[in-house]
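Undergrad: Take a look at the following structure, please.
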Amino acid sequence: MASSLSSKDLLQGVDDLGRNDSDLTVLEKHVSFFDRNNDGVVYPWETFEGLRAIGASYFTSMTGAFLIHFALSGKTRPGKYPSPVFPIEVKNIHLAKHGSDSGVYDSDGRFVELKFEEIFSKFARMHGSALTSGELLAMIRSNRESGDFKGWIGSWTEWMTLYNLCKDERGLLRKEIVKGVYDGSLFERMERDRKPHKDRCWDWI
């Protein structure tokens, strides 16, 4: 799926769906897209709905919702009994950060500009402001921490899902697209742009 989003669209960062996120960290904004009823808690069916809204297939959305909530729910609910519906509390999402990541979110969920710029200064060799699939894989490998198998899987899954959904017609993952996913503005734009095409038959695959 090639992205049709313009740089202007993404850099505006406007939430046209009415969500009030002025007091949220960047990581909380990223996750809040999936909080479909804005109650501060994300449930698996909301994550499924959000993934479908940005173009993920039924299989990917179901699998992703299960894995995300199974892995993150307990970490965002410290001191509470496990819940059979695996909710994720948005305010505690920083507690669920995995290892072997880019470091663009700090330990409190804030955006680290230097780390974001390093993704492209170190790995975007061919185009400068966009990553090829090979460069993306090189970046993922470079971020791996020794023995952190869960982090390896989490990082690879996140980045490859983003690449497959948002690469352009030349197979490049553009810098403004990546920045948009960090602050959540990309998801909002993808949902709006996708609505006229949401019933395509191959979305089941």
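In the structure tokens, each chain is lettered A, B, ... as it comes, each chain's residues begin at 1, and ligands are numbered from 1 in order of appearance.
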Give me the residues near segment 155-162 of chain A as a PDB file with C-alpha atoms, in the first residue's frame, where near means some atom within 9 Å (using only C-alpha atoms) and where sequence neighbours in that chain fewer than 4 positions away do not count.
TA:
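Saved result, part.pdb, follows:
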ATOM      1  CA  ALA A  56      -4.370  -3.072   7.964  1.00  0.00           C
ATOM      2  CA  HIS A  98      10.296  -2.207  24.927  1.00  0.00           C
ATOM      3  CA  GLY A  99      14.036  -2.425  24.408  1.00  0.00           C
ATOM      4  CA  SER A 100      15.894  -2.496  21.104  1.00  0.00           C
ATOM      5  CA  ASP A 101      13.978   0.547  19.904  1.00  0.00           C
ATOM      6  CA  SER A 102      15.130   3.790  18.281  1.00  0.00           C
ATOM      7  CA  SER A 133      13.680  -1.382   2.930  1.00  0.00           C
ATOM      8  CA  LEU A 136      15.237   0.212   7.498  1.00  0.00           C
ATOM      9  CA  LEU A 137      16.345  -3.337   8.247  1.00  0.00           C
ATOM     10  CA  ILE A 140      16.427  -2.288  13.163  1.00  0.00           C
ATOM     11  CA  ARG A 141      19.483  -4.543  13.436  1.00  0.00           C
ATOM     12  CA  ASN A 143      19.149  -1.027  17.596  1.00  0.00           C
ATOM     13  CA  ARG A 144      19.127  -4.608  18.838  1.00  0.00           C
ATOM     14  CA  LYS A 150      11.086  -9.635  22.778  1.00  0.00           C
ATOM     15  CA  GLY A 151      12.425  -6.208  21.887  1.00  0.00           C
ATOM     16  CA  CYS A 166       3.160   3.661   4.289  1.00  0.00           C
ATOM     17  CA  LYS A 167       5.937   3.157   1.741  1.00  0.00           C
ATOM     18  CA  LEU A 173       9.528   5.333   3.867  1.00  0.00           C
ATOM     19  CA  VAL A 178       7.864   8.458  10.273  1.00  0.00           C
ATOM     20  CA  VAL A 181       3.567   8.044  13.298  1.00  0.00           C
TER      21      VAL A 181
END
Undergrad: Could you list, as a PyMOL selection string, every residue within 8 Å of Gly74 of chain A, counting only C-alpha atoms and ignoring same-chain residues fewer than 5 positions away?
TA: chain A and resi 82+86+88
Undergrad: Residues of the last selection are to be written out with all heavy atoms, as a short mmCIF file (atom, residue, chain, number, x, y, z; two decimals), in the first residue's frame.
TA:
data_model
loop_
_atom_site.label_atom_id
_atom_site.label_comp_id
_atom_site.auth_asym_id
_atom_site.auth_seq_id
_atom_site.Cartn_x
_atom_site.Cartn_y
_atom_site.Cartn_z
N PRO A 82 -4.55 -8.85 36.80
CA PRO A 82 -4.69 -9.01 35.35
C PRO A 82 -6.16 -9.00 34.94
O PRO A 82 -7.02 -9.50 35.66
CB PRO A 82 -4.05 -10.38 35.08
CG PRO A 82 -3.12 -10.59 36.23
CD PRO A 82 -3.79 -9.95 37.41
N PHE A 86 -7.61 -7.48 28.76
CA PHE A 86 -6.31 -6.89 28.44
C PHE A 86 -6.36 -5.40 28.08
O PHE A 86 -5.90 -4.99 27.02
CB PHE A 86 -5.65 -7.66 27.30
CG PHE A 86 -5.39 -9.11 27.61
CD1 PHE A 86 -6.18 -10.11 27.05
CD2 PHE A 86 -4.36 -9.47 28.46
CE1 PHE A 86 -5.96 -11.43 27.34
CE2 PHE A 86 -4.12 -10.81 28.75
CZ PHE A 86 -4.94 -11.79 28.20
N ILE A 88 -5.31 -1.44 28.00
CA ILE A 88 -4.08 -0.65 28.07
C ILE A 88 -4.43 0.74 28.55
O ILE A 88 -5.28 1.41 27.96
CB ILE A 88 -3.39 -0.58 26.70
CG1 ILE A 88 -2.85 -1.95 26.29
CG2 ILE A 88 -2.26 0.45 26.70
CD1 ILE A 88 -2.31 -2.00 24.88
#
Undergrad: For Gly180 of chain A, which of A:Asn92, A:Arg77, A:Ser107, A:Phe116 is the closest residue, counting only C-alpha atoms?
TA: A:Phe116
Undergrad: Go through A:Arg52, A:His94, A:Lys80, A:Lys75 one by one, measure the shortest atom-to-atom distance of each to Glu28 of chain A using only C-alpha atoms, and give the residue with the smallest value.
TA: A:His94
Undergrad: Excluding Asp183 of chain A and its own-chain neighbours fewer than 3 positions away, which residues fall within 8 Å of it when counting only C-alpha atoms? Please give them as a PyMOL selection string.
TA: chain A and resi 26-27+29-30+179-180+186
Undergrad: Selection from above, C-alpha atoms, as a CSV table (one decimal), in the first residue's frame, can you write it?
TA:
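What follows is the written file out-v2.csv:
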chain,number,residue,atom,x,y,z
A,26,VAL,CA,3.9,12.4,22.3
A,27,LEU,CA,3.8,8.7,23.1
A,29,LYS,CA,-0.8,10.9,21.5
A,30,HIS,CA,0.6,8.0,19.4
A,179,LYS,CA,7.5,11.7,12.3
A,180,GLY,CA,3.8,11.5,11.8
A,186,LEU,CA,-0.3,10.1,10.6
Undergrad: Name the closest residue to Tyr182 of chain A among the candidates A:Trp152, A:Phe33, A:Tyr81, A:Tyr58; distances are taken between atoms, counting only C-alpha atoms.
TA: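 Nearest candidate to Tyr182 of chain A out of A:Trp152, A:Phe33, A:Tyr81, A:Tyr58: A:Phe33.
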